[in-house]
Amino acid sequence: MSSGPRPPFDATALFKYTESPNPEWKFGDGMTLNSPQAKQWKEDEKLGWRTWDMDETPKPARYQLLTSAIGPRPIAFVSSLSADGVPNLAPFSYFSMVAHDPPLISVSFSLAPGKPKDTRENIRLTKEFTVNIISEPWIEAANATAIDSPPEIDEWIVSGLTKEPSEVVKPPRVKESAVSLECELFHFQDICPPGSDLVTNTLVLGIIKKAHIRNAVLAEGGNSVDPEKLRPVARFGGQTYARLGDGFELPRPSWKRVQDVVYGLMGKPNGVNGHSSS
Ligand SMILES: Cc1cc2nc3c(=O)[nH]c(=O)nc-3n(C[C@H](O)[C@H](O)[C@H](O)COP(=O)(O)O)c2cc1C
């Protein structure tokens, strides 16, 4: 990564669909060497691997390594209220969708001794929050809310973003967000390292009660979100954010359609029991 001056953000670089990297790929092919990038990837194997033993890796080094290796991560921009009603807004990238039945998301809070996270406290006490998805046009405003300010500071004012009332939870949602999820606390799990009773993280599961999606980002048909229109921002390690590059579609393989090919690869052209089912 170069560290010199950066070119301006290219707001015109739109997400578009392309072919997949190896459109000719067949079952059993492994990695095909059909492009200079793929050939280089294969060549790089010769450089070998470096291995970190997590038990022997200091915490800051683990953080640096894992947040850069496990990415890009989606970001939950969480709006919550303290027990006495002070609004709070902060981004969290230890975030994922857990299930759609019930509709669950997870957010995880890293806790340094003596430094509680207001969002965690608010969710623990009020059991409500909203998760908002950040899009490119207002990323700086969202990033500003990660400021390490005292609890009485309202990050909404720091960011200049706009509160929009929620329907079933008290914390507002972010009006600038194209996707806002009204959540109730489903599970609150403090996490201690093995052999310790010091809480270093809290995993929160939230059940989504309402999803608000801007009409302008809906895909044709209106039942899903179009990535080109959403322009979501994700998190990598350090201070790095990522945007979507191009996308491609790959169908999920169907056993019914490919079983003969797979049995052929296994040297059992007639299937495991001598005949393949259809
Ligand atoms: C993009 C981004 C992602 C972050 N992800 C997390 C996270 O997953 N967990 C966490 O504990 N802190 C995370 N942080 C740090 C919190 O946002 C930061 O500590 C914030 O001040 C917490 O606010 P609060 O105390 O008002 O809840 C992240 C910061 C940024 C900028």
# chains A, B, ... in the order shown; residues from 1 in each chain; ligands from 1
>>> residues_around(residues="A:Thr145", least_positions_apart="6", cutoff="8 Å", atoms="only C-alpha atoms", output="number ranges by chain")
A: 89-91, 155-156, 158-159
>>> closest_atom_pairs(of="chain A", to="ligand 1", cutoff="6 Å", atoms="only C-alpha atoms and all ligand atoms", output="JSON lines")
{"residue": "A:Asn88", "atom": "CA", "partner": "ligand 1", "partner_atom_place_in_ligand_line": "26 (O)", "distance": 5.7}
{"residue": "A:Ala90", "atom": "CA", "partner": "ligand 1", "partner_atom_place_in_ligand_line": "23 (O)", "distance": 4.8}
{"residue": "A:Pro91", "atom": "CA", "partner": "ligand 1", "partner_atom_place_in_ligand_line": "17 (O)", "distance": 4.4}
{"residue": "A:Phe92", "atom": "CA", "partner": "ligand 1", "partner_atom_place_in_ligand_line": "5 (N)", "distance": 3.2}
{"residue": "A:Ser93", "atom": "CA", "partner": "ligand 1", "partner_atom_place_in_ligand_line": "8 (O)", "distance": 3.8}
{"residue": "A:Tyr94", "atom": "CA", "partner": "ligand 1", "partner_atom_place_in_ligand_line": "8 (O)", "distance": 3.6}
{"residue": "A:Ser108", "atom": "CA", "partner": "ligand 1", "partner_atom_place_in_ligand_line": "9 (N)", "distance": 5.5}
{"residue": "A:Phe109", "atom": "CA", "partner": "ligand 1", "partner_atom_place_in_ligand_line": "11 (O)", "distance": 3.4}
{"residue": "A:Ser110", "atom": "CA", "partner": "ligand 1", "partner_atom_place_in_ligand_line": "11 (O)", "distance": 3.8}
{"residue": "A:Lys117", "atom": "CA", "partner": "ligand 1", "partner_atom_place_in_ligand_line": "25 (O)", "distance": 3.7}
{"residue": "A:Asp118", "atom": "CA", "partner": "ligand 1", "partner_atom_place_in_ligand_line": "27 (O)", "distance": 3.9}
{"residue": "A:Thr119", "atom": "CA", "partner": "ligand 1", "partner_atom_place_in_ligand_line": "27 (O)", "distance": 3.6}
{"residue": "A:Asn143", "atom": "CA", "partner": "ligand 1", "partner_atom_place_in_ligand_line": "31 (C)", "distance": 5.1}
{"residue": "A:Ala146", "atom": "CA", "partner": "ligand 1", "partner_atom_place_in_ligand_line": "21 (O)", "distance": 4.0}
{"residue": "A:Ile147", "atom": "CA", "partner": "ligand 1", "partner_atom_place_in_ligand_line": "21 (O)", "distance": 4.9}
{"residue": "A:Asp148", "atom": "CA", "partner": "ligand 1", "partner_atom_place_in_ligand_line": "21 (O)", "distance": 4.6}
{"residue": "A:Arg235", "atom": "CA", "partner": "ligand 1", "partner_atom_place_in_ligand_line": "1 (C)", "distance": 5.7}
>>> residues_around(residues="A:Gln239", least_positions_apart="2", cutoff="12 Å", atoms="only C-alpha atoms", output="PyMOL selection string")
chain A and resi 64+67-68+143+146+234-237+241-242
>>> write_last_selection(atoms="N, CA and C atoms", output="PDB file, in the first residue's frame")
ATOM      1  N   GLN A  64      -4.441  -6.063  15.150  1.00  0.00           N
ATOM      2  CA  GLN A  64      -3.955  -5.559  13.865  1.00  0.00           C
ATOM      3  C   GLN A  64      -4.048  -6.644  12.790  1.00  0.00           C
ATOM      4  N   THR A  67      -8.077  -7.931  12.286  1.00  0.00           N
ATOM      5  CA  THR A  67      -9.006  -6.980  11.656  1.00  0.00           C
ATOM      6  C   THR A  67      -8.613  -6.700  10.210  1.00  0.00           C
ATOM      7  N   SER A  68      -7.326  -6.932   9.876  1.00  0.00           N
ATOM      8  CA  SER A  68      -6.937  -6.747   8.474  1.00  0.00           C
ATOM      9  C   SER A  68      -7.140  -8.019   7.666  1.00  0.00           C
ATOM     10  N   ASN A 143     -17.853   8.169  10.493  1.00  0.00           N
ATOM     11  CA  ASN A 143     -16.558   7.904  11.129  1.00  0.00           C
ATOM     12  C   ASN A 143     -16.335   8.824  12.332  1.00  0.00           C
ATOM     13  N   ALA A 146     -17.020   7.800  16.007  1.00  0.00           N
ATOM     14  CA  ALA A 146     -16.174   6.848  16.751  1.00  0.00           C
ATOM     15  C   ALA A 146     -15.265   7.597  17.723  1.00  0.00           C
ATOM     16  N   ALA A 234     -17.447  -0.692   3.858  1.00  0.00           N
ATOM     17  CA  ALA A 234     -17.052  -1.784   4.752  1.00  0.00           C
ATOM     18  C   ALA A 234     -15.743  -1.425   5.447  1.00  0.00           C
ATOM     19  N   ARG A 235     -15.342  -2.231   6.397  1.00  0.00           N
ATOM     20  CA  ARG A 235     -14.150  -1.966   7.201  1.00  0.00           C
ATOM     21  C   ARG A 235     -13.083  -3.009   6.953  1.00  0.00           C
ATOM     22  N   PHE A 236     -11.857  -2.546   6.770  1.00  0.00           N
ATOM     23  CA  PHE A 236     -10.682  -3.427   6.795  1.00  0.00           C
ATOM     24  C   PHE A 236      -9.884  -3.080   8.040  1.00  0.00           C
ATOM     25  N   GLY A 237      -8.594  -3.450   8.064  1.00  0.00           N
ATOM     26  CA  GLY A 237      -7.781  -3.180   9.248  1.00  0.00           C
ATOM     27  C   GLY A 237      -7.339  -1.725   9.309  1.00  0.00           C
ATOM     28  N   TYR A 241     -11.108   1.827   5.080  1.00  0.00           N
ATOM     29  CA  TYR A 241     -12.474   1.476   4.685  1.00  0.00           C
ATOM     30  C   TYR A 241     -12.420   0.916   3.270  1.00  0.00           C
ATOM     31  N   ALA A 242     -13.414   0.103   2.932  1.00  0.00           N
ATOM     32  CA  ALA A 242     -13.466  -0.461   1.579  1.00  0.00           C
ATOM     33  C   ALA A 242     -14.824  -0.165   0.967  1.00  0.00           C
TER      34      ALA A 242
END
>>> closest_residue(among="A:Tyr17, A:Phe95, A:Trp138, A:Trp49", to="A:Val233", atoms="only C-alpha atoms")
A:Trp138
>>> atom_distance(atom1="atom CA of A:Phe77", atom2="atom CA of A:Ile139")
10.5 Å
>>> closest_residue(among="A:Lys229, A:Glu164, A:Val107, A:Glu249", to="A:Asp190", atoms="only C-alpha atoms")
A:Val107
>>> select_by_dssp(residues="stretch 81-183 of chain A", states="alpha helix (DSSP H)", output="MDAnalysis selection string")
chainID A and resid 118:126 139:144 155:159
>>> write_last_selection(atoms="N, CA, C and O atoms", output="compact mmCIF listing (two decimals), in the first residue's frame")
# COMPACT_ATOMS: atom_id res chain seq x y z
N ASP A 118 -20.39 3.01 25.55
CA ASP A 118 -21.72 3.53 25.85
C ASP A 118 -22.80 2.72 25.15
O ASP A 118 -23.86 2.45 25.71
N THR A 119 -22.54 2.34 23.90
CA THR A 119 -23.55 1.60 23.14
C THR A 119 -23.89 0.29 23.86
O THR A 119 -25.06 -0.09 23.98
N ARG A 120 -22.86 -0.40 24.34
CA ARG A 120 -23.08 -1.67 25.07
C ARG A 120 -23.93 -1.42 26.31
O ARG A 120 -24.89 -2.14 26.58
N GLU A 121 -23.55 -0.38 27.08
CA GLU A 121 -24.29 -0.07 28.30
C GLU A 121 -25.75 0.24 27.97
O GLU A 121 -26.66 -0.22 28.64
N ASN A 122 -25.94 1.05 26.92
CA ASN A 122 -27.30 1.46 26.55
C ASN A 122 -28.15 0.25 26.16
O ASN A 122 -29.32 0.14 26.55
N ILE A 123 -27.56 -0.65 25.39
CA ILE A 123 -28.33 -1.82 24.94
C ILE A 123 -28.64 -2.73 26.14
O ILE A 123 -29.74 -3.26 26.28
N ARG A 124 -27.66 -2.86 27.03
CA ARG A 124 -27.86 -3.70 28.22
C ARG A 124 -29.03 -3.16 29.05
O ARG A 124 -29.88 -3.91 29.52
N LEU A 125 -29.09 -1.83 29.19
CA LEU A 125 -30.09 -1.24 30.07
C LEU A 125 -31.45 -1.02 29.40
O LEU A 125 -32.49 -1.21 30.02
N THR A 126 -31.43 -0.63 28.12
CA THR A 126 -32.71 -0.27 27.47
C THR A 126 -33.24 -1.36 26.55
O THR A 126 -34.41 -1.36 26.17
N ILE A 139 -19.79 8.86 4.71
CA ILE A 139 -18.89 8.05 5.55
C ILE A 139 -18.11 8.90 6.55
O ILE A 139 -17.89 8.49 7.69
N GLU A 140 -17.68 10.12 6.15
CA GLU A 140 -16.90 10.93 7.09
C GLU A 140 -17.72 11.26 8.34
O GLU A 140 -17.22 11.24 9.47
N ALA A 141 -19.01 11.57 8.13
CA ALA A 141 -19.88 11.90 9.26
C ALA A 141 -20.03 10.69 10.18
O ALA A 141 -20.00 10.82 11.41
N ALA A 142 -20.14 9.50 9.59
CA ALA A 142 -20.28 8.29 10.40
C ALA A 142 -18.99 8.01 11.17
O ALA A 142 -19.01 7.70 12.37
N ASN A 143 -17.85 8.17 10.49
CA ASN A 143 -16.56 7.90 11.13
C ASN A 143 -16.34 8.82 12.33
O ASN A 143 -15.74 8.42 13.34
N ALA A 144 -16.83 10.07 12.22
CA ALA A 144 -16.62 11.05 13.30
C ALA A 144 -17.23 10.58 14.62
O ALA A 144 -16.77 10.96 15.69
N GLU A 155 -23.06 12.20 19.94
CA GLU A 155 -22.34 12.01 18.66
C GLU A 155 -23.18 12.43 17.45
O GLU A 155 -22.64 12.63 16.37
N TRP A 156 -24.48 12.53 17.65
CA TRP A 156 -25.32 13.03 16.54
C TRP A 156 -24.88 14.44 16.17
O TRP A 156 -24.82 14.80 14.99
N ILE A 157 -24.60 15.24 17.21
CA ILE A 157 -24.18 16.64 16.95
C ILE A 157 -22.79 16.65 16.33
O ILE A 157 -22.53 17.37 15.37
N VAL A 158 -21.90 15.77 16.85
CA VAL A 158 -20.54 15.67 16.29
C VAL A 158 -20.62 15.36 14.79
O VAL A 158 -19.89 15.92 13.98
N SER A 159 -21.53 14.48 14.43
CA SER A 159 -21.59 14.02 13.03
C SER A 159 -22.39 14.96 12.14
O SER A 159 -22.15 15.05 10.94
>>> residues_around(residues="stretch 263-272 of chain A", least_positions_apart="6", cutoff="12 Å", atoms="only C-alpha atoms", output="ChimeraX atom specification")
/A:26-29,255-257,278
>>> closest_residue(among="A:Gly222, A:Pro232, A:Asn201, A:Asn34", to="A:Leu111", atoms="only C-alpha atoms")
A:Asn201
>>> closest_atom_pairs(of="stretch 93-112 of chain A", to="stretch 180-183 of chain A", cutoff="12 Å", atoms="only C-alpha atoms", output="JSON lines")
{"residue": "A:Met97", "atom": "CA", "partner": "A:Leu181", "partner_atom": "CA", "distance": 11.5}
{"residue": "A:Pro102", "atom": "CA", "partner": "A:Cys183", "partner_atom": "CA", "distance": 11.9}
{"residue": "A:Pro103", "atom": "CA", "partner": "A:Cys183", "partner_atom": "CA", "distance": 9.6}
{"residue": "A:Leu104", "atom": "CA", "partner": "A:Cys183", "partner_atom": "CA", "distance": 8.7}
{"residue": "A:Ile105", "atom": "CA", "partner": "A:Cys183", "partner_atom": "CA", "distance": 8.7}
{"residue": "A:Ser106", "atom": "CA", "partner": "A:Cys183", "partner_atom": "CA", "distance": 10.7}
{"residue": "A:Val107", "atom": "CA", "partner": "A:Cys183", "partner_atom": "CA", "distance": 11.5}
>>> atom_distance(atom1="atom CA of A:Asp197", atom2="atom CA of A:Thr51")
28.3 Å
